[in-house]
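S.K.: Sharing structure_35.pdb, PDB, C-alpha atoms:
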```pdb
MODEL        1
ATOM      1  CA  MET A  24     -17.901  10.809 -14.051
ATOM      2  CA  ASN A  25     -14.174  10.028 -14.268
ATOM      3  CA  THR A  26     -13.804   6.397 -15.376
ATOM      4  CA  THR A  27     -10.778   4.379 -16.415
ATOM      5  CA  SER A  28     -10.919   1.103 -18.370
ATOM      6  CA  PRO A  29      -9.299  -1.892 -16.649
ATOM      7  CA  LEU A  30      -5.785  -2.972 -17.564
ATOM      8  CA  ALA A  31      -5.465  -6.242 -19.494
ATOM      9  CA  ALA A  32      -4.625  -9.017 -17.019
ATOM     10  CA  THR A  33      -1.485 -10.359 -18.686
ATOM     11  CA  GLY A  34       2.070 -11.211 -17.674
ATOM     12  CA  PRO A  35       3.417 -12.422 -14.321
ATOM     13  CA  ASN A  36       1.210  -9.993 -12.375
ATOM     14  CA  ALA A  37      -2.065 -11.027 -14.056
ATOM     15  CA  ASP A  38      -3.554 -12.299 -10.784
ATOM     16  CA  GLN A  39      -2.846  -8.994  -9.050
ATOM     17  CA  ILE A  40      -4.300  -7.029 -11.958
ATOM     18  CA  ASP A  41      -7.494  -9.080 -11.714
ATOM     19  CA  TYR A  42      -7.602  -8.659  -7.944
ATOM     20  CA  TRP A  43      -7.145  -4.869  -7.845
ATOM     21  CA  ASN A  44      -9.679  -4.336 -10.642
ATOM     22  CA  SER A  45     -12.366  -6.301  -8.815
ATOM     23  CA  ASP A  46     -14.615  -4.927  -6.095
ATOM     24  CA  VAL A  47     -11.444  -4.691  -3.964
ATOM     25  CA  GLY A  48     -10.210  -1.719  -5.996
ATOM     26  CA  GLU A  49     -13.642  -0.118  -5.766
ATOM     27  CA  ARG A  50     -13.640  -0.483  -1.966
ATOM     28  CA  TRP A  51     -10.164   1.006  -1.610
ATOM     29  CA  ALA A  52     -11.226   3.968  -3.766
ATOM     30  CA  ARG A  53     -14.341   4.383  -1.614
ATOM     31  CA  PHE A  54     -12.304   4.423   1.600
ATOM     32  CA  GLN A  55      -9.654   6.742   0.149
ATOM     33  CA  ASP A  56     -10.172   9.643   2.562
ATOM     34  CA  ARG A  57      -9.957   7.471   5.663
ATOM     35  CA  LEU A  58      -7.037   5.394   4.422
ATOM     36  CA  ASP A  59      -5.035   8.464   3.444
ATOM     37  CA  GLY A  60      -5.575   9.913   6.900
ATOM     38  CA  MET A  61      -4.546   6.668   8.571
ATOM     39  CA  LEU A  62      -1.435   6.189   6.421
ATOM     40  CA  GLN A  63      -0.267   9.818   6.344
ATOM     41  CA  PRO A  64       2.598   9.225   8.851
ATOM     42  CA  PHE A  65       4.109   6.723   6.407
ATOM     43  CA  SER A  66       3.692   9.060   3.426
ATOM     44  CA  ALA A  67       5.520  11.784   5.322
ATOM     45  CA  ALA A  68       8.270   9.392   6.445
ATOM     46  CA  VAL A  69       9.023   7.954   3.006
ATOM     47  CA  LEU A  70       9.047  11.377   1.356
ATOM     48  CA  ASP A  71      11.402  12.606   4.057
ATOM     49  CA  VAL A  72      13.742   9.724   3.185
ATOM     50  CA  ALA A  73      13.349  10.555  -0.510
ATOM     51  CA  GLY A  74      14.585  14.131  -0.010
ATOM     52  CA  ILE A  75      12.777  15.494  -3.063
ATOM     53  CA  GLU A  76      14.286  18.612  -4.635
ATOM     54  CA  PRO A  77      12.471  21.152  -6.830
ATOM     55  CA  GLY A  78      12.555  20.162 -10.489
ATOM     56  CA  GLU A  79      12.999  16.427  -9.941
ATOM     57  CA  ARG A  80      11.122  13.814 -11.955
ATOM     58  CA  ILE A  81       9.332  11.325  -9.714
ATOM     59  CA  LEU A  82       7.615   8.002 -10.445
ATOM     60  CA  ASP A  83       5.228   6.830  -7.688
ATOM     61  CA  ILE A  84       4.813   3.058  -7.997
ATOM     62  CA  GLY A  85       1.486   1.564  -6.907
ATOM     63  CA  CYS A  86       0.138   5.060  -6.304
ATOM     64  CA  GLY A  87      -3.403   3.966  -5.418
ATOM     65  CA  CYS A  88      -5.646   7.009  -5.148
ATOM     66  CA  GLY A  89      -2.660   9.348  -5.390
ATOM     67  CA  ALA A  90      -1.902  10.684  -1.911
ATOM     68  CA  THR A  91       1.875  10.250  -2.146
ATOM     69  CA  THR A  92       1.938  11.468  -5.749
ATOM     70  CA  PHE A  93       0.205  14.697  -4.756
ATOM     71  CA  ASP A  94       2.676  15.287  -1.943
ATOM     72  CA  ALA A  95       5.593  14.549  -4.282
ATOM     73  CA  ALA A  96       4.204  16.944  -6.899
ATOM     74  CA  ALA A  97       4.010  19.706  -4.305
ATOM     75  CA  LYS A  98       7.667  19.140  -3.395
ATOM     76  CA  THR A  99       9.069  18.944  -6.936
ATOM     77  CA  GLY A 100       7.058  21.976  -8.065
ATOM     78  CA  ALA A 101       6.104  23.272 -11.487
ATOM     79  CA  SER A 102       9.596  22.641 -12.894
ATOM     80  CA  GLY A 103       9.448  18.934 -12.005
ATOM     81  CA  ARG A 104       7.131  16.033 -12.678
ATOM     82  CA  ALA A 105       5.254  13.549 -10.486
ATOM     83  CA  LEU A 106       3.693  10.554 -12.225
ATOM     84  CA  GLY A 107       1.673   7.991 -10.267
ATOM     85  CA  VAL A 108       1.212   4.539 -11.781
ATOM     86  CA  ASP A 109      -1.091   1.748 -10.614
ATOM     87  CA  ILE A 110      -2.755  -1.388 -11.980
ATOM     88  CA  SER A 111      -6.163  -0.570 -10.397
ATOM     89  CA  ALA A 112      -8.527   1.276 -12.726
ATOM     90  CA  PRO A 113     -10.889   2.336  -9.891
ATOM     91  CA  MET A 114      -8.044   3.877  -7.908
ATOM     92  CA  VAL A 115      -6.424   5.577 -10.904
ATOM     93  CA  ALA A 116      -9.817   7.041 -11.805
ATOM     94  CA  ARG A 117     -10.150   8.368  -8.250
ATOM     95  CA  ALA A 118      -6.627   9.819  -8.386
ATOM     96  CA  ARG A 119      -7.341  11.622 -11.661
ATOM     97  CA  ALA A 120     -10.590  13.029 -10.286
ATOM     98  CA  ARG A 121      -8.774  14.260  -7.180
ATOM     99  CA  ALA A 122      -6.061  15.899  -9.321
ATOM    100  CA  THR A 123      -8.788  17.930 -11.018
ATOM    101  CA  GLU A 124     -10.448  18.767  -7.688
ATOM    102  CA  LEU A 125      -7.147  19.831  -6.120
ATOM    103  CA  GLY A 126      -5.724  21.576  -9.172
ATOM    104  CA  SER A 127      -2.616  19.420  -8.782
ATOM    105  CA  PRO A 128      -0.080  18.950 -11.614
ATOM    106  CA  ALA A 129       0.326  15.290 -10.565
ATOM    107  CA  GLU A 130      -0.209  12.858 -13.448
ATOM    108  CA  PHE A 131      -1.617   9.330 -13.280
ATOM    109  CA  MET A 132      -1.213   6.298 -15.508
ATOM    110  CA  LEU A 133      -2.908   2.908 -15.510
ATOM    111  CA  ALA A 134      -0.035   0.479 -16.085
ATOM    112  CA  ASP A 135       1.967  -2.385 -14.619
ATOM    113  CA  ALA A 136       5.211  -0.753 -13.489
ATOM    114  CA  ALA A 137       6.972  -4.113 -13.765
ATOM    115  CA  ALA A 138       6.379  -4.204 -17.528
ATOM    116  CA  HIS A 139       5.574  -0.703 -18.834
ATOM    117  CA  ASP A 140       8.271   1.081 -20.846
ATOM    118  CA  PHE A 141       8.697   4.457 -19.164
ATOM    119  CA  GLY A 142      11.717   5.325 -21.294
ATOM    120  CA  ALA A 143      15.379   5.230 -20.315
ATOM    121  CA  THR A 144      16.559   7.628 -17.568
ATOM    122  CA  ALA A 145      13.122   9.272 -17.462
ATOM    123  CA  PHE A 146      13.043   9.762 -13.655
ATOM    124  CA  ASP A 147      15.293  10.898 -10.828
ATOM    125  CA  LEU A 148      13.394   9.056  -8.114
ATOM    126  CA  LEU A 149      11.227   5.968  -7.713
ATOM    127  CA  VAL A 150       9.015   6.248  -4.629
ATOM    128  CA  SER A 151       6.311   4.017  -3.212
ATOM    129  CA  ARG A 152       4.034   3.856  -0.205
ATOM    130  CA  PHE A 153       3.045   0.182   0.012
ATOM    131  CA  GLY A 154       2.936  -0.324  -3.755
ATOM    132  CA  ILE A 155       5.956  -2.567  -4.326
ATOM    133  CA  MET A 156       5.028  -5.753  -2.402
ATOM    134  CA  PHE A 157       2.779  -7.310  -5.044
ATOM    135  CA  PHE A 158       5.166  -8.308  -7.844
ATOM    136  CA  ALA A 159       5.160 -11.998  -8.741
ATOM    137  CA  GLU A 160       8.793 -11.689  -9.872
ATOM    138  CA  PRO A 161      10.210  -8.890  -7.698
ATOM    139  CA  ALA A 162      13.860  -8.988  -8.828
ATOM    140  CA  ALA A 163      12.793  -8.790 -12.476
ATOM    141  CA  ALA A 164      10.347  -5.980 -11.643
ATOM    142  CA  PHE A 165      12.950  -3.878  -9.835
ATOM    143  CA  THR A 166      15.480  -4.510 -12.623
ATOM    144  CA  HIS A 167      12.948  -3.296 -15.175
ATOM    145  CA  MET A 168      12.028  -0.192 -13.171
ATOM    146  CA  LYS A 169      15.694   0.730 -12.667
ATOM    147  CA  ARG A 170      15.972   1.312 -16.425
ATOM    148  CA  ALA A 171      13.695   4.320 -15.966
ATOM    149  CA  LEU A 172      16.103   5.907 -13.465
ATOM    150  CA  ALA A 173      18.777   8.443 -14.306
ATOM    151  CA  PRO A 174      22.349   7.201 -13.628
ATOM    152  CA  SER A 175      22.359   9.122 -10.336
ATOM    153  CA  GLY A 176      18.772   8.148  -9.578
ATOM    154  CA  ARG A 177      17.533   6.804  -6.263
ATOM    155  CA  VAL A 178      14.603   4.988  -4.694
ATOM    156  CA  ALA A 179      12.599   5.417  -1.478
ATOM    157  CA  PHE A 180      10.023   2.828  -0.429
ATOM    158  CA  VAL A 181       7.963   1.960   2.611
ATOM    159  CA  CYS A 182       6.713  -1.589   3.209
ATOM    160  CA  TRP A 183       5.178  -3.468   6.131
ATOM    161  CA  ARG A 184       7.190  -5.316   8.744
ATOM    162  CA  PRO A 185       5.757  -8.677   9.969
ATOM    163  CA  MET A 186       2.047  -8.846  10.697
ATOM    164  CA  LYS A 187       2.569  -9.584  14.404
ATOM    165  CA  GLU A 188       4.272  -6.178  14.737
ATOM    166  CA  ASN A 189       1.295  -4.424  13.122
ATOM    167  CA  GLY A 190      -1.505  -4.259  15.653
ATOM    168  CA  TRP A 191      -3.866  -2.597  13.183
ATOM    169  CA  VAL A 192      -3.896  -5.937  11.319
ATOM    170  CA  SER A 193      -3.087  -8.503  14.003
ATOM    171  CA  VAL A 194      -5.532  -7.353  16.704
ATOM    172  CA  PRO A 195      -8.695  -7.752  14.585
ATOM    173  CA  LEU A 196      -7.381 -10.758  12.666
ATOM    174  CA  PHE A 197      -6.412 -12.760  15.748
ATOM    175  CA  ALA A 198      -9.793 -11.928  17.301
ATOM    176  CA  ALA A 199     -11.481 -13.256  14.162
ATOM    177  CA  LEU A 200      -9.512 -16.474  13.613
ATOM    178  CA  PRO A 201     -11.309 -18.634  16.246
ATOM    179  CA  HIS A 202     -14.574 -17.969  14.397
ATOM    180  CA  LEU A 203     -13.275 -18.667  10.877
ATOM    181  CA  PRO A 204     -12.543 -21.935   9.073
ATOM    182  CA  GLU A 205      -8.878 -22.901   9.340
ATOM    183  CA  GLN A 206      -6.826 -20.531   7.221
ATOM    184  CA  GLU A 207      -3.947 -21.580   5.005
ATOM    185  CA  PRO A 208      -0.705 -20.160   6.422
ATOM    186  CA  PRO A 209       0.732 -17.388   4.226
ATOM    187  CA  VAL A 210       3.664 -18.306   2.008
ATOM    188  CA  PRO A 211       6.688 -16.249   3.129
ATOM    189  CA  GLY A 212       7.609 -13.732   0.457
ATOM    190  CA  ALA A 213       4.479 -14.323  -1.654
ATOM    191  CA  PRO A 214       2.983 -11.211  -3.275
ATOM    192  CA  GLY A 215       0.938  -9.354  -0.687
ATOM    193  CA  PRO A 216       1.184  -6.771   2.090
ATOM    194  CA  PHE A 217       3.935  -8.622   3.983
ATOM    195  CA  ALA A 218       6.036  -9.800   1.027
ATOM    196  CA  PHE A 219       9.041  -7.802   2.247
ATOM    197  CA  ALA A 220       8.540  -8.286   5.975
ATOM    198  CA  ASP A 221      11.998  -9.928   5.974
ATOM    199  CA  PRO A 222      14.384  -7.034   5.316
ATOM    200  CA  GLU A 223      17.232  -9.285   4.215
ATOM    201  CA  ARG A 224      15.044 -10.814   1.524
ATOM    202  CA  PHE A 225      14.227  -7.325   0.264
ATOM    203  CA  ARG A 226      17.892  -6.346   0.416
ATOM    204  CA  GLY A 227      18.707  -9.416  -1.670
ATOM    205  CA  VAL A 228      16.062  -8.520  -4.265
ATOM    206  CA  LEU A 229      17.428  -4.991  -4.628
ATOM    207  CA  LYS A 230      21.021  -6.223  -4.872
ATOM    208  CA  GLU A 231      20.035  -8.735  -7.544
ATOM    209  CA  ALA A 232      18.314  -5.927  -9.448
ATOM    210  CA  GLY A 233      21.512  -3.851  -9.384
ATOM    211  CA  TYR A 234      20.803  -1.235  -6.709
ATOM    212  CA  ARG A 235      23.505  -0.019  -4.306
ATOM    213  CA  ASP A 236      23.816   1.946  -1.053
ATOM    214  CA  ILE A 237      20.779   0.058   0.262
ATOM    215  CA  ALA A 238      19.472   1.192   3.656
ATOM    216  CA  ILE A 239      16.548  -0.511   5.432
ATOM    217  CA  ASP A 240      15.454   1.080   8.710
ATOM    218  CA  PRO A 241      12.472   0.456  11.029
ATOM    219  CA  PHE A 242       9.790   3.067  11.586
ATOM    220  CA  ASP A 243       6.939   2.746  14.085
ATOM    221  CA  THR A 244       3.879   4.852  14.765
ATOM    222  CA  GLU A 245       0.260   4.561  15.872
ATOM    223  CA  LEU A 246      -2.515   4.530  13.299
ATOM    224  CA  THR A 247      -5.990   5.947  13.796
ATOM    225  CA  LEU A 248      -8.562   3.448  12.543
ATOM    226  CA  GLY A 249     -11.566   5.401  13.751
ATOM    227  CA  LYS A 250     -12.381   8.614  15.578
ATOM    228  CA  GLY A 251     -15.446  10.653  16.382
ATOM    229  CA  PRO A 252     -18.758   9.901  18.081
ATOM    230  CA  ASP A 253     -18.521   6.151  17.335
ATOM    231  CA  PRO A 254     -14.873   5.289  16.576
ATOM    232  CA  VAL A 255     -15.444   1.554  17.097
ATOM    233  CA  ALA A 256     -18.057   1.456  14.330
ATOM    234  CA  LEU A 257     -15.775   3.311  11.913
ATOM    235  CA  ALA A 258     -12.780   1.127  12.720
ATOM    236  CA  LEU A 259     -14.913  -2.013  12.414
ATOM    237  CA  GLU A 260     -16.331  -1.009   9.033
ATOM    238  CA  GLN A 261     -12.886  -0.298   7.598
ATOM    239  CA  THR A 262     -11.373  -3.472   9.048
ATOM    240  CA  LEU A 263     -14.112  -5.672   7.588
ATOM    241  CA  GLU A 264     -13.925  -4.014   4.156
ATOM    242  CA  ILE A 265     -10.169  -3.496   3.658
ATOM    243  CA  GLY A 266      -7.121  -5.702   4.162
ATOM    244  CA  PRO A 267      -6.363  -9.288   5.265
ATOM    245  CA  LEU A 268      -9.532  -9.799   7.308
ATOM    246  CA  SER A 269     -11.769  -8.789   4.415
ATOM    247  CA  ARG A 270     -10.107 -11.516   2.312
ATOM    248  CA  ALA A 271     -10.579 -14.104   5.059
ATOM    249  CA  LEU A 272     -14.281 -13.236   5.317
ATOM    250  CA  LYS A 273     -14.965 -13.359   1.595
ATOM    251  CA  ASP A 274     -17.730 -15.858   0.749
ATOM    252  CA  GLN A 275     -18.222 -16.907   4.382
ATOM    253  CA  PRO A 276     -21.816 -17.644   5.472
ATOM    254  CA  GLU A 277     -23.705 -15.017   7.414
ATOM    255  CA  GLU A 278     -23.493 -16.803  10.783
ATOM    256  CA  ILE A 279     -19.678 -16.866  10.579
ATOM    257  CA  ARG A 280     -19.564 -13.230   9.519
ATOM    258  CA  ALA A 281     -21.825 -12.270  12.427
ATOM    259  CA  ARG A 282     -19.724 -14.096  15.044
ATOM    260  CA  THR A 283     -16.532 -12.702  13.567
ATOM    261  CA  THR A 284     -17.902  -9.169  13.503
ATOM    262  CA  ASP A 285     -18.860  -9.361  17.183
ATOM    263  CA  ALA A 286     -15.410 -10.654  18.149
ATOM    264  CA  VAL A 287     -13.593  -7.981  16.142
ATOM    265  CA  ARG A 288     -15.824  -5.229  17.524
ATOM    266  CA  GLU A 289     -15.010  -6.332  21.062
ATOM    267  CA  ALA A 290     -11.257  -6.458  20.322
ATOM    268  CA  LEU A 291     -11.225  -2.988  18.758
ATOM    269  CA  ALA A 292     -13.252  -1.488  21.603
ATOM    270  CA  LYS A 293     -10.455  -2.400  24.023
ATOM    271  CA  HIS A 294      -8.232   0.100  22.202
ATOM    272  CA  GLU A 295     -10.588   3.081  22.383
ATOM    273  CA  ALA A 296      -9.194   6.150  24.130
ATOM    274  CA  ASN A 297     -10.195   9.804  23.869
ATOM    275  CA  GLY A 298     -12.677   9.108  21.092
ATOM    276  CA  GLU A 299     -10.175   7.243  18.898
ATOM    277  CA  ILE A 300      -9.175   3.687  18.035
ATOM    278  CA  ARG A 301      -5.385   3.657  17.658
ATOM    279  CA  LEU A 302      -3.217   0.622  16.944
ATOM    280  CA  GLY A 303       0.435   0.155  16.084
ATOM    281  CA  GLY A 304       1.888   0.282  12.591
ATOM    282  CA  ALA A 305       5.405  -0.989  11.864
ATOM    283  CA  VAL A 306       7.252  -0.590   8.564
ATOM    284  CA  TRP A 307      10.619  -0.618   6.851
ATOM    285  CA  LEU A 308      11.844   2.611   5.276
ATOM    286  CA  VAL A 309      14.010   1.625   2.327
ATOM    287  CA  SER A 310      16.380   3.746   0.269
ATOM    288  CA  ALA A 311      18.932   2.898  -2.419
ATOM    289  CA  ARG A 312      20.659   4.252  -5.497
ATOM    290  CA  ALA A 313      20.769   3.108  -9.085
TER
ENDMDL
END
```
Would you put the structure from the file into structure tokens?

M.R.:
Amino acid sequence: MNTTSPLAATGPNADQIDYWNSDVGERWARFQDRLDGMLQPFSAAVLDVAGIEPGERILDIGCGCGATTFDAAAKTGASGRALGVDISAPMVARARARATELGSPAEFMLADAAAHDFGATAFDLLVSRFGIMFFAEPAAAFTHMKRALAPSGRVAFVCWRPMKENGWVSVPLFAALPHLPEQEPPVPGAPGPFAFADPERFRGVLKEAGYRDIAIDPFDTELTLGKGPDPVALALEQTLEIGPLSRALKDQPEEIRARTTDAVREALAKHEANGEIRLGGAVWLVSARA
């Protein structure tokens, strides 16, 4: 069994380290196959923006179970390097196990990218698929990570646009809200999936951290939440276990969970077509240079 000891929960990102090493990290590792399939269009898009060349050294920030790192390793080849870093021990363990299964040269490290010393000019590219929205002090984090870039180095990130533009989140969540206790409104810019929903805020963070030639462009696609003989059941299971709705349901009594589940099932079923549940996904594709 491939196991990885948790990272010490210290520094500004201690709360996130605790969170992603709880049962949340275990659930994300368990749903790895389905999530990778759902998010593949974004992996392809951000790596296209990155323009990886053979022999380049790549650091994948918030690599999760490694999907983007594996794709980057295939592009940089044997003469390059692809290192995935994440704070979640369950997901890093899954990534390392997959590297062995796949025979991939991709490497994985359990570390907080906002604090770990990767060495000066150690990488040509910083890349991330949804791994850069969780820093408590984002400008400081991006300043720190820039030290690991070569003078001509560059970055390529993908992050979520506002929740209302992302049907895969908003459809089930809005169906659930009437059945849940009143939720505290999210704090704009707080660490979480939609921390960089405002592109000008993200642009400001990168400028403060010393990046240049910043480009932030929209990208939209449809995501498959479930497919097969019972796509509604698959989409429902994933929605209740992963993401904002799973957090809202945490510690709720069974009667609330039951009513919420029924409402979400009904909402998802309205989007079934040709044996699939497909809902919109909307992101920013971000590139810049050191």

S.K.: Please write the residues picked by the PyMOL selection byres ((chain A and resi 158) around 8) on this file as number ranges by chain.

M.R.: A: 35-36, 137, 155-157, 159-161, 164, 214

S.K.: Would you output that residue set with C-alpha atoms, as a tab-separated table (two decimals), in the frame of the given file?

M.R.:
```tsv
chain	number	residue	atom	x	y	z
A	35	PRO	CA	3.42	-12.42	-14.32
A	36	ASN	CA	1.21	-9.99	-12.38
A	137	ALA	CA	6.97	-4.11	-13.76
A	155	ILE	CA	5.96	-2.57	-4.33
A	156	MET	CA	5.03	-5.75	-2.40
A	157	PHE	CA	2.78	-7.31	-5.04
A	159	ALA	CA	5.16	-12.00	-8.74
A	160	GLU	CA	8.79	-11.69	-9.87
A	161	PRO	CA	10.21	-8.89	-7.70
A	164	ALA	CA	10.35	-5.98	-11.64
A	214	PRO	CA	2.98	-11.21	-3.28
```

S.K.: Write out as a tab-separated table a residue-level contact list of segment 75-173 of chain A versus segment 286-309 of chain A with cut-off 10 Å: for each qualifying residue the closest pair of atoms and the distance in Å to one decimal, counting only C-alpha atoms, rows sorted by chain and residue number upward.

M.R.:
```
residue	atom	partner	partner_atom	distance
A:Val150	CA	A:Val309	CA	9.7
A:Ser151	CA	A:Val309	CA	9.8
A:Arg152	CA	A:Leu308	CA	9.6
A:Phe153	CA	A:Val306	CA	9.6
```

S.K.: Rounded to one decimal in Å, what is the spacing between atom CA of Thr262 of chain A and atom CA of Gln55 of chain A?

M.R.: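 Distance between the two atoms: 13.7 Å.
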
S.K.: For segment 200-218 of chain A, what centre and edge lengths in Å (one decimal) does the axis-aligned box get once 3 Å is added on each side of all its listed atoms, as JSON?

M.R.:
```
{"center_x": -3.5, "center_y": -14.8, "center_z": 6.5, "size_x": 28.2, "size_y": 22.1, "size_z": 25.5}
```

S.K.: Give as a PyMOL selection string the residues that the PyMOL selection byres ((chain A and resi 94) around 12) matches when applied to the coordinates above.

M.R.: chain A and resi 59+63+66-71+73+75+81+83+86+89-93+95-100+104-107+122+125+127-129+150-152

S.K.: So, counting all atoms listed in the file, which residue among A:Ala311, A:Asn44, A:Pro209, A:Arg170 is closest to Val228 of chain A?

M.R.: A:Ala311

S.K.: Can you tell me how far atom CA of Ser175 of chain A sits from atom CA of Phe65 of chain A, in Å to one decimal?

M.R.: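 It comes out at 24.9 Å.
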
S.K.: In terms of the shortest atom-to-atom distance over all atoms listed in the file, which of A:Ala313, A:Val47, A:Leu62, A:Ala31 is closest to Glu231 of chain A?

M.R.: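 Checking each candidate against Glu231 of chain A, we get A:Ala313 as the closest.
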
S.K.: Atom CA of Ala32 of chain A and atom CA of Asp135 of chain A, how far apart in Å?

M.R.: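 Here the two named atoms are 9.7 Å from each other.
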
S.K.: Residues within 12 Å of (14.1, -6.3, 0.4), file coordinates, counting only C-alpha atoms: what are they? Give the list as a PyMOL selection string.

M.R.: chain A and resi 155-156+161-162+165+179-184+212+217-232+234+237-240+307-311

S.K.: Pull out every residue that the PyMOL selection byres ((chain A and resi 113) around 8) matches in the shown coordinates and put them as JSON, numbers by chain.

M.R.: {"A": [26, 27, 44, 48, 49, 52, 111, 112, 114, 115, 116, 117]}
